[in-house]
file entry-v1.cif (mmCIF, C-alpha atoms)
data_final
loop_
_atom_site.label_atom_id
_atom_site.label_comp_id
_atom_site.auth_asym_id
_atom_site.auth_seq_id
_atom_site.Cartn_x
_atom_site.Cartn_y
_atom_site.Cartn_z
CA MET K 1102 289.47 84.80 14.08
CA VAL K 1103 287.38 85.84 11.08
CA TRP K 1104 290.25 85.81 8.59
CA LEU K 1105 290.80 82.12 9.30
CA ASP K 1106 287.54 81.47 7.45
CA ALA K 1107 289.44 82.37 4.27
CA TRP K 1108 292.03 79.62 4.84
CA PRO K 1109 292.28 77.73 1.53
CA ARG K 1110 291.28 74.08 1.62
CA GLY K 1111 291.00 71.11 -0.70
CA ALA K 1112 291.60 71.77 -4.39
CA ALA K 1113 291.96 75.51 -3.75
CA LEU K 1114 294.90 74.80 -1.44
CA GLY K 1115 296.53 72.65 -4.11
CA TRP K 1116 296.14 75.36 -6.76
CA LEU K 1117 297.60 77.97 -4.41
CA LEU K 1118 300.59 75.86 -3.37
CA GLY K 1119 301.35 74.97 -6.99
CA ALA K 1120 301.06 78.59 -8.05
CA ALA K 1121 303.36 79.81 -5.27
CA PHE K 1122 306.05 77.20 -5.83
CA ALA K 1123 306.10 77.48 -9.64
CA GLY K 1124 306.06 81.28 -9.50
CA GLY K 1125 308.89 81.38 -6.97
CA LEU K 1126 310.90 78.87 -8.98
CA ALA K 1127 310.68 81.06 -12.07
CA ARG K 1128 311.51 84.19 -10.04
CA GLY K 1129 314.63 82.63 -8.56
CA PHE K 1130 315.69 80.83 -11.72
CA SER K 1131 315.43 83.63 -14.25
CA GLY K 1132 314.34 86.77 -12.43
CA PHE K 1133 311.05 87.05 -14.31
CA GLY K 1134 307.77 85.27 -14.91
CA ALA K 1135 306.47 84.92 -11.35
CA ALA K 1136 303.19 86.80 -11.87
CA LEU K 1137 302.72 85.28 -15.33
CA ILE K 1138 302.64 81.87 -13.63
CA PHE K 1139 301.15 82.69 -10.24
CA VAL K 1140 298.12 84.76 -11.20
CA PRO K 1141 296.37 82.38 -13.64
CA LEU K 1142 296.92 79.38 -11.36
CA ALA K 1143 296.01 81.16 -8.13
CA SER K 1144 292.93 82.61 -9.85
CA ALA K 1145 291.55 79.08 -10.00
CA ALA K 1146 291.67 79.05 -6.18
CA LEU K 1147 290.93 82.65 -5.21
CA GLY K 1148 289.56 84.34 -8.32
CA PRO K 1149 291.46 87.17 -10.07
CA GLN K 1150 290.43 89.69 -7.41
CA GLY K 1151 292.28 87.61 -4.81
CA ALA K 1152 295.17 86.28 -6.88
CA ALA K 1153 296.55 89.60 -8.17
CA PRO K 1154 296.66 91.34 -4.75
CA LEU K 1155 298.17 88.21 -3.21
CA MET K 1156 300.92 88.23 -5.87
CA LEU K 1157 301.72 91.79 -4.84
CA LEU K 1158 302.01 90.81 -1.17
CA VAL K 1159 304.27 87.79 -1.69
CA GLU K 1160 306.56 89.81 -3.97
CA VAL K 1161 307.13 92.62 -1.47
CA LEU K 1162 310.21 91.04 0.14
CA ALA K 1163 311.91 90.43 -3.23
CA ILE K 1164 311.24 94.04 -4.23
CA LEU K 1165 312.70 95.35 -0.97
CA LEU K 1166 315.85 93.25 -1.35
CA LEU K 1167 316.51 94.03 -5.02
CA THR K 1168 315.57 97.71 -5.26
CA PRO K 1169 318.65 99.33 -3.60
CA THR K 1170 321.02 97.87 -6.20
CA ALA K 1171 318.63 98.67 -9.03
CA TRP K 1172 318.39 102.27 -7.84
CA ARG K 1173 322.16 102.73 -8.10
CA LEU K 1174 322.49 101.25 -11.59
CA ALA K 1175 319.26 102.11 -13.39
CA ASP K 1176 318.51 104.87 -15.87
CA ARG K 1177 316.43 106.68 -13.29
CA PRO K 1178 315.06 109.48 -15.52
CA GLN K 1179 313.68 106.96 -18.01
CA VAL K 1180 312.28 104.75 -15.25
CA GLY K 1181 310.62 107.84 -13.81
CA LEU K 1182 308.81 108.45 -17.10
CA LEU K 1183 307.80 104.79 -17.34
CA ALA K 1184 306.48 104.98 -13.78
CA LEU K 1185 304.55 108.15 -14.64
CA GLY K 1186 302.88 106.27 -17.47
CA ALA K 1187 302.16 103.37 -15.12
CA LEU K 1188 300.60 105.81 -12.66
CA ALA K 1189 298.07 106.72 -15.36
CA GLY K 1190 297.47 103.13 -16.52
CA THR K 1191 297.27 101.25 -13.23
CA PRO K 1192 293.91 102.65 -12.07
CA ILE K 1193 292.40 101.53 -15.38
CA GLY K 1194 293.68 98.00 -14.83
CA ALA K 1195 292.56 98.00 -11.21
CA ALA K 1196 289.06 99.12 -12.26
CA MET K 1197 288.91 96.26 -14.74
CA LEU K 1198 289.94 93.88 -11.96
CA ILE K 1199 287.17 95.15 -9.68
CA TYR K 1200 284.27 95.50 -12.07
CA ALA K 1201 284.81 92.82 -14.73
CA ASP K 1202 283.01 89.51 -14.39
CA PRO K 1203 285.43 87.15 -12.56
CA LEU K 1204 284.95 84.31 -15.04
CA ALA K 1205 285.43 86.57 -18.06
CA LEU K 1206 288.45 88.12 -16.35
CA ARG K 1207 290.04 84.69 -15.84
CA TRP K 1208 289.63 83.98 -19.54
CA GLY K 1209 291.07 87.39 -20.38
CA ILE K 1210 294.06 87.02 -18.05
CA ALA K 1211 294.96 83.54 -19.33
CA ILE K 1212 294.63 84.55 -23.00
CA GLY K 1213 296.45 87.82 -22.39
CA ILE K 1214 299.34 86.00 -20.70
CA LEU K 1215 299.61 83.64 -23.66
CA GLY K 1216 299.86 86.73 -25.86
CA LEU K 1217 302.57 88.23 -23.64
CA LEU K 1218 304.37 84.89 -23.74
CA ALA K 1219 304.32 84.99 -27.53
CA LEU K 1220 305.89 88.46 -27.33
CA LEU K 1221 308.68 87.15 -25.07
CA VAL K 1222 309.34 84.03 -27.14
CA SER K 1223 309.39 85.94 -30.43
CA GLY K 1224 312.33 88.00 -29.24
CA TRP K 1225 310.66 91.16 -30.54
CA ARG K 1226 312.31 94.36 -29.41
CA PHE K 1227 311.25 97.98 -29.71
CA GLN K 1228 313.29 99.39 -32.56
CA GLY K 1229 312.18 103.01 -32.66
CA ARG K 1230 313.93 105.93 -31.08
CA PRO K 1231 313.02 106.31 -27.40
CA SER K 1232 310.85 109.39 -26.96
CA LEU K 1233 308.76 110.98 -24.25
CA ALA K 1234 305.51 109.81 -25.83
CA ALA K 1235 306.75 106.26 -26.43
CA THR K 1236 308.15 105.92 -22.90
CA LEU K 1237 304.95 107.19 -21.29
CA GLY K 1238 302.85 104.95 -23.56
CA VAL K 1239 304.84 101.83 -22.74
CA GLY K 1240 304.66 102.67 -19.04
CA MET K 1241 300.91 103.14 -19.29
CA ALA K 1242 300.50 99.78 -21.05
CA GLY K 1243 302.55 98.15 -18.30
CA GLY K 1244 300.44 99.92 -15.70
CA VAL K 1245 297.16 98.61 -17.15
CA LEU K 1246 298.53 95.07 -17.21
CA GLY K 1247 299.93 95.46 -13.72
CA GLY K 1248 296.62 96.71 -12.39
CA VAL K 1249 294.73 93.79 -13.89
CA ALA K 1250 297.10 90.94 -13.07
CA MET K 1251 300.51 92.16 -11.83
CA VAL K 1252 302.05 91.42 -15.25
CA SER K 1253 303.48 94.83 -16.16
CA GLY K 1254 306.88 93.48 -17.20
CA PRO K 1255 306.80 92.16 -20.80
CA PRO K 1256 306.03 95.40 -22.70
CA VAL K 1257 308.53 97.36 -20.61
CA MET K 1258 311.24 94.74 -21.01
CA ALA K 1259 310.71 94.62 -24.79
CA TYR K 1260 311.02 98.42 -24.84
CA LEU K 1261 314.18 98.53 -22.75
CA LEU K 1262 315.92 95.70 -24.62
CA GLY K 1263 315.52 97.55 -27.91
CA GLN K 1264 317.66 100.44 -26.68
CA PRO K 1265 321.45 100.71 -26.77
CA GLY K 1266 323.29 100.26 -23.51
CA PRO K 1267 324.79 97.54 -21.31
CA ALA K 1268 322.68 94.62 -20.16
CA TRP K 1269 323.28 95.45 -16.49
CA ARG K 1270 321.61 98.84 -16.95
CA VAL K 1271 318.63 97.28 -18.68
CA ARG K 1272 318.21 94.76 -15.86
CA ALA K 1273 318.53 97.47 -13.23
CA SER K 1274 316.05 99.77 -14.99
CA PHE K 1275 313.59 96.93 -15.33
CA GLY K 1276 313.94 95.99 -11.67
CA LEU K 1277 313.46 99.60 -10.57
CA PHE K 1278 310.36 99.90 -12.76
CA LEU K 1279 308.90 96.75 -11.20
CA ALA K 1280 309.51 98.22 -7.74
CA ALA K 1281 307.86 101.52 -8.70
CA GLY K 1282 305.03 99.66 -10.37
CA GLY K 1283 304.54 97.54 -7.26
CA VAL K 1284 304.14 100.67 -5.12
CA ILE K 1285 301.67 102.16 -7.60
CA VAL K 1286 299.66 98.94 -7.82
CA GLY K 1287 299.69 98.66 -4.04
CA LEU K 1288 298.23 102.15 -3.68
CA ALA K 1289 295.60 101.43 -6.34
CA TYR K 1290 294.63 98.11 -4.74
CA ALA K 1291 294.45 99.69 -1.29
CA ALA K 1292 292.26 102.52 -2.58
CA ALA K 1293 290.01 100.00 -4.31
CA GLY K 1294 289.65 97.89 -1.16
CA LEU K 1295 291.38 94.84 -2.66
CA LEU K 1296 293.96 94.48 0.15
CA THR K 1297 291.65 92.92 2.71
CA PRO K 1298 292.15 90.81 5.86
CA ALA K 1299 290.86 87.86 3.84
CA LEU K 1300 294.28 87.74 2.12
CA ALA K 1301 296.07 87.01 5.41
CA ALA K 1302 295.42 83.27 5.40
CA PRO K 1303 296.33 82.72 1.71
CA PHE K 1304 299.43 84.85 2.26
CA LEU K 1305 300.57 82.69 5.19
CA VAL K 1306 300.15 79.64 2.96
CA ALA K 1307 301.72 81.05 -0.19
CA ALA K 1308 304.62 83.18 1.09
CA PRO K 1309 306.80 80.37 2.55
CA VAL K 1310 306.24 78.19 -0.53
CA TYR K 1311 307.02 81.12 -2.83
CA GLY K 1312 310.21 81.73 -0.84
CA ALA K 1313 311.15 78.06 -1.11
CA GLY K 1314 310.64 78.24 -4.87
CA ILE K 1315 312.91 81.27 -5.09
CA TRP K 1316 315.56 79.51 -2.97
CA LEU K 1317 315.51 76.42 -5.19
CA GLY K 1318 315.39 78.47 -8.38
CA THR K 1319 318.47 80.50 -7.42
CA ARG K 1320 320.38 77.29 -6.81
CA MET K 1321 319.31 75.87 -10.14
CA PHE K 1322 320.65 78.97 -11.89
CA GLY K 1323 323.86 78.11 -13.67
CA LEU K 1324 323.04 74.41 -14.01
CA ALA K 1325 321.62 75.01 -17.46
CA SER K 1326 322.44 77.31 -20.35
CA GLU K 1327 320.71 80.69 -20.62
CA ARG K 1328 318.74 79.38 -23.58
CA SER K 1329 317.57 76.32 -21.63
CA PHE K 1330 316.44 78.16 -18.54
CA ARG K 1331 314.61 80.83 -20.52
CA PHE K 1332 312.69 78.24 -22.48
CA GLY K 1333 312.03 76.32 -19.27
CA CYS K 1334 310.39 79.42 -17.84
CA TYR K 1335 308.47 80.01 -21.06
CA ALA K 1336 307.13 76.45 -20.79
CA MET K 1337 306.03 77.02 -17.19
CA ILE K 1338 304.30 80.29 -18.11
CA GLY K 1339 302.48 78.63 -21.02
CA LEU K 1340 301.38 75.67 -18.90
CA ALA K 1341 300.17 77.95 -16.10
CA ALA K 1342 298.11 80.03 -18.52
CA LEU K 1343 296.58 76.93 -20.09
CA LEU K 1344 295.77 75.33 -16.73
CA GLY K 1345 294.35 78.65 -15.55
CA LEU K 1346 291.68 78.60 -18.26
CA PRO K 1347 288.20 78.12 -16.71
CA LEU K 1348 287.67 75.46 -19.37
CA TRP K 1349 289.29 72.86 -17.09
CA ASP K 1350 287.55 73.72 -13.82
CA ARG K 1351 285.14 70.80 -13.87
CA PHE K 1352 287.99 68.33 -14.47
CA LEU K 1353 290.65 69.76 -12.15
CA ARG K 1354 288.60 70.67 -9.09
#
call {"tool": "encode", "arguments": {"input": "entry-v1.cif", "output": "structure tokens"}}
result
Amino acid sequence: MVWLDAWPRGAALGWLLGAAFAGGLARGFSGFGAALIFVPLASAALGPQGAAPLMLLVEVLAILLLTPTAWRLADRPQVGLLALGALAGTPIGAAMLIYADPLALRWGIAIGILGLLALLVSGWRFQGRPSLAATLGVGMAGGVLGGVAMVSGPPVMAYLLGQPGPAWRVRASFGLFLAAGGVIVGLAYAAAGLLTPALAAPFLVAAPVYGAGIWLGTRMFGLASERSFRFGCYAMIGLAALLGLPLWDRFLR
């Protein structure tokens, strides 16, 4: 079959397996960070135009499992506005993914993820009053980032955490936004022709390893303090972004 020609081999296979396992581990351990780890590492194997759509495909099962609970608990009107902003921003990100030079895009993704990591580590929270314009703007920023590299979460999480309300509602709203964003990105990628049969072989390689990472990560949860596991995930994100820099290609391939 033609799609078997896209089966990853050699160093590309190693990059993909490492990306899937580390991303799944972070997803199961802390509930965030999968795309921040997976996309820069998998880009070394598949290029950004393959890594971002593949991240979407391997995350589908987690989205399906987690969305029903999130729907019941989330602030649905606010998530709707965030999703509306993402609907405007995602095509911009997807266009960047299609038309930007792959090498320049890898540099941009890795450096951008390091910037998002700095935002997460700093503990910065949105302190203004939530408004229609701010909510749409944050959703649009998340949409652009999601379209480029499936990393829509950090600006939206920083926005939600700065608002009053119980933590369970924040988590649910964030989860529901990620689900909505995944649907929007999926439509954008499909329209742009990024969801191709060539992804079938990498998906068959990555999905079981990603699932194994999630399984192990969920069982590691509770073995360390919240502070320890968050900083462990931050370290994995930072290492993935640094290893994803094209600077190391000649040494690591």
call {"tool": "atom_distance", "arguments": {"input": "entry-v1.cif", "atom1": "CA of Pro1192 in chain K", "atom2": "CA of Arg1207 in chain K"}}
result
18.8 Å
call {"tool": "resolve_selection", "arguments": {"input": "entry-v1.cif", "expression": "the PyMOL selection byres ((chain K and resi 1146) around 6)", "output": "list in words"}}
result
Ala1113, Trp1116, Ala1143, Ser1144, Ala1145 and Leu1147 of chain K
call {"tool": "resolve_selection", "arguments": {"input": "entry-v1.cif", "expression": "the PyMOL selection byres ((chain K and resi 1184) around 10)", "output": "list in words"}}
result
Pro1178, Gln1179, Val1180, Gly1181, Leu1182, Leu1183, Leu1185, Gly1186, Ala1187, Leu1188, Ala1189, Gly1190, Thr1191, Thr1236, Leu1237, Val1239, Gly1240, Met1241, Gly1243, Gly1244, Leu1277, Phe1278, Leu1279, Ala1280, Ala1281, Gly1282, Val1284 and Ile1285 of chain K
call {"tool": "closest_residue", "arguments": {"input": "entry-v1.cif", "among": "K:Leu1344, K:Leu1305, K:Leu1162, K:Val1257", "to": "Pro1109 in chain K", "atoms": "only C-alpha atoms"}}
result
K:Leu1305
call {"tool": "residues_around", "arguments": {"input": "entry-v1.cif", "residues": "Gly1124 in chain K", "least_positions_apart": "2", "cutoff": "10 Å", "atoms": "all atoms listed in the file", "output": "PyMOL selection string"}}
result
chain K and resi 1118-1122+1126-1130+1133-1140+1142+1156+1310-1312+1314-1315+1318+1334+1337-1338+1341
call {"tool": "decode", "arguments": {"input": "entry-v1.cif", "residues": "range 1195-1236 of chain K", "atoms": "N, CA and C atoms", "output": "mmCIF file, in the first residue's frame"}}
result
data_model
loop_
_atom_site.group_PDB
_atom_site.id
_atom_site.type_symbol
_atom_site.label_atom_id
_atom_site.label_comp_id
_atom_site.auth_asym_id
_atom_site.auth_seq_id
_atom_site.Cartn_x
_atom_site.Cartn_y
_atom_site.Cartn_z
ATOM 1 N N ALA K 1195 -3.015 27.994 10.477
ATOM 2 C CA ALA K 1195 -2.916 26.909 9.504
ATOM 3 C C ALA K 1195 -2.241 27.389 8.221
ATOM 4 N N ALA K 1196 -2.528 28.629 7.802
ATOM 5 C CA ALA K 1196 -1.879 29.179 6.612
ATOM 6 C C ALA K 1196 -0.378 29.325 6.827
ATOM 7 N N MET K 1197 0.011 29.747 8.023
ATOM 8 C CA MET K 1197 1.432 29.834 8.343
ATOM 9 C C MET K 1197 2.082 28.455 8.267
ATOM 10 N N LEU K 1198 1.365 27.448 8.765
ATOM 11 C CA LEU K 1198 1.898 26.086 8.747
ATOM 12 C C LEU K 1198 2.103 25.593 7.313
ATOM 13 N N ILE K 1199 1.196 25.969 6.417
ATOM 14 C CA ILE K 1199 1.270 25.490 5.037
ATOM 15 C C ILE K 1199 2.354 26.225 4.241
ATOM 16 N N TYR K 1200 2.374 27.548 4.377
ATOM 17 C CA TYR K 1200 3.161 28.346 3.447
ATOM 18 C C TYR K 1200 4.535 28.757 3.969
ATOM 19 N N ALA K 1201 4.767 28.672 5.263
ATOM 20 C CA ALA K 1201 6.073 29.071 5.793
ATOM 21 C C ALA K 1201 7.130 28.035 5.426
ATOM 22 N N ASP K 1202 8.346 28.472 5.295
ATOM 23 C CA ASP K 1202 9.456 27.562 5.047
ATOM 24 C C ASP K 1202 9.565 26.578 6.211
ATOM 25 N N PRO K 1203 9.616 25.256 5.943
ATOM 26 C CA PRO K 1203 9.624 24.272 7.035
ATOM 27 C C PRO K 1203 10.754 24.475 8.038
ATOM 28 N N LEU K 1204 11.944 24.824 7.567
ATOM 29 C CA LEU K 1204 13.064 25.019 8.481
ATOM 30 C C LEU K 1204 12.834 26.241 9.357
ATOM 31 N N ALA K 1205 12.393 27.340 8.739
ATOM 32 C CA ALA K 1205 12.105 28.550 9.515
ATOM 33 C C ALA K 1205 10.969 28.299 10.503
ATOM 34 N N LEU K 1206 9.995 27.490 10.077
ATOM 35 C CA LEU K 1206 8.865 27.193 10.951
ATOM 36 C C LEU K 1206 9.316 26.374 12.156
ATOM 37 N N ARG K 1207 10.238 25.427 11.954
ATOM 38 C CA ARG K 1207 10.753 24.660 13.091
ATOM 39 C C ARG K 1207 11.449 25.572 14.090
ATOM 40 N N TRP K 1208 12.251 26.507 13.596
ATOM 41 C CA TRP K 1208 12.871 27.481 14.499
ATOM 42 C C TRP K 1208 11.797 28.279 15.239
ATOM 43 N N GLY K 1209 10.802 28.734 14.500
ATOM 44 C CA GLY K 1209 9.753 29.551 15.114
ATOM 45 C C GLY K 1209 8.962 28.792 16.157
ATOM 46 N N ILE K 1210 8.628 27.522 15.865
ATOM 47 C CA ILE K 1210 7.862 26.711 16.814
ATOM 48 C C ILE K 1210 8.662 26.484 18.090
ATOM 49 N N ALA K 1211 9.931 26.098 17.940
ATOM 50 C CA ALA K 1211 10.757 25.812 19.123
ATOM 51 C C ALA K 1211 10.932 27.061 19.979
ATOM 52 N N ILE K 1212 11.235 28.192 19.338
ATOM 53 C CA ILE K 1212 11.429 29.443 20.088
ATOM 54 C C ILE K 1212 10.108 29.908 20.691
ATOM 55 N N GLY K 1213 9.022 29.766 19.934
ATOM 56 C CA GLY K 1213 7.717 30.151 20.467
ATOM 57 C C GLY K 1213 7.321 29.314 21.669
ATOM 58 N N ILE K 1214 7.617 28.011 21.631
ATOM 59 C CA ILE K 1214 7.288 27.140 22.762
ATOM 60 C C ILE K 1214 8.110 27.508 23.985
ATOM 61 N N LEU K 1215 9.365 27.881 23.775
ATOM 62 C CA LEU K 1215 10.174 28.351 24.915
ATOM 63 C C LEU K 1215 9.563 29.617 25.514
ATOM 64 N N GLY K 1216 9.016 30.489 24.662
ATOM 65 C CA GLY K 1216 8.342 31.677 25.171
ATOM 66 C C GLY K 1216 7.082 31.335 25.948
ATOM 67 N N LEU K 1217 6.292 30.384 25.429
ATOM 68 C CA LEU K 1217 5.091 29.945 26.146
ATOM 69 C C LEU K 1217 5.460 29.269 27.463
ATOM 70 N N LEU K 1218 6.565 28.538 27.456
ATOM 71 C CA LEU K 1218 7.041 27.911 28.686
ATOM 72 C C LEU K 1218 7.388 28.975 29.725
ATOM 73 N N ALA K 1219 8.048 30.039 29.283
ATOM 74 C CA ALA K 1219 8.370 31.130 30.211
ATOM 75 C C ALA K 1219 7.100 31.722 30.808
ATOM 76 N N LEU K 1220 6.041 31.823 29.989
ATOM 77 C CA LEU K 1220 4.761 32.329 30.489
ATOM 78 C C LEU K 1220 4.205 31.401 31.565
ATOM 79 N N LEU K 1221 4.264 30.085 31.330
ATOM 80 C CA LEU K 1221 3.753 29.125 32.310
ATOM 81 C C LEU K 1221 4.557 29.158 33.608
ATOM 82 N N VAL K 1222 5.895 29.171 33.467
ATOM 83 C CA VAL K 1222 6.759 29.124 34.647
ATOM 84 C C VAL K 1222 6.629 30.388 35.477
ATOM 85 N N SER K 1223 6.439 31.526 34.810
ATOM 86 C CA SER K 1223 6.378 32.800 35.527
ATOM 87 C C SER K 1223 5.181 32.887 36.460
ATOM 88 N N GLY K 1224 4.154 32.077 36.156
ATOM 89 C CA GLY K 1224 2.943 32.151 36.965
ATOM 90 C C GLY K 1224 2.079 33.350 36.643
ATOM 91 N N TRP K 1225 2.372 34.036 35.525
ATOM 92 C CA TRP K 1225 1.589 35.221 35.166
ATOM 93 C C TRP K 1225 0.136 34.857 34.928
ATOM 94 N N ARG K 1226 -0.744 35.704 35.394
ATOM 95 C CA ARG K 1226 -2.176 35.502 35.201
ATOM 96 C C ARG K 1226 -2.794 36.796 34.675
ATOM 97 N N PHE K 1227 -3.800 36.658 33.849
ATOM 98 C CA PHE K 1227 -4.539 37.821 33.379
ATOM 99 C C PHE K 1227 -5.246 38.463 34.562
ATOM 100 N N GLN K 1228 -5.014 39.745 34.759
ATOM 101 C CA GLN K 1228 -5.564 40.414 35.935
ATOM 102 C C GLN K 1228 -6.672 41.408 35.612
ATOM 103 N N GLY K 1229 -6.927 41.638 34.344
ATOM 104 C CA GLY K 1229 -7.980 42.583 33.984
ATOM 105 C C GLY K 1229 -9.363 41.980 34.149
ATOM 106 N N ARG K 1230 -10.357 42.803 33.897
ATOM 107 C CA ARG K 1230 -11.725 42.325 33.981
ATOM 108 C C ARG K 1230 -12.083 41.597 32.686
ATOM 109 N N PRO K 1231 -12.589 40.377 32.770
ATOM 110 C CA PRO K 1231 -12.972 39.677 31.545
ATOM 111 C C PRO K 1231 -13.997 40.488 30.750
ATOM 112 N N SER K 1232 -13.768 40.614 29.478
ATOM 113 C CA SER K 1232 -14.668 41.372 28.615
ATOM 114 C C SER K 1232 -14.830 40.624 27.307
ATOM 115 N N LEU K 1233 -15.777 41.049 26.516
ATOM 116 C CA LEU K 1233 -16.015 40.418 25.222
ATOM 117 C C LEU K 1233 -14.772 40.511 24.346
ATOM 118 N N ALA K 1234 -14.191 41.715 24.276
ATOM 119 C CA ALA K 1234 -13.021 41.919 23.418
ATOM 120 C C ALA K 1234 -11.835 41.080 23.894
ATOM 121 N N ALA K 1235 -11.611 41.083 25.220
ATOM 122 C CA ALA K 1235 -10.471 40.329 25.757
ATOM 123 C C ALA K 1235 -10.650 38.834 25.520
ATOM 124 N N THR K 1236 -11.852 38.332 25.744
ATOM 125 C CA THR K 1236 -12.108 36.896 25.575
ATOM 126 C C THR K 1236 -11.923 36.475 24.113
#
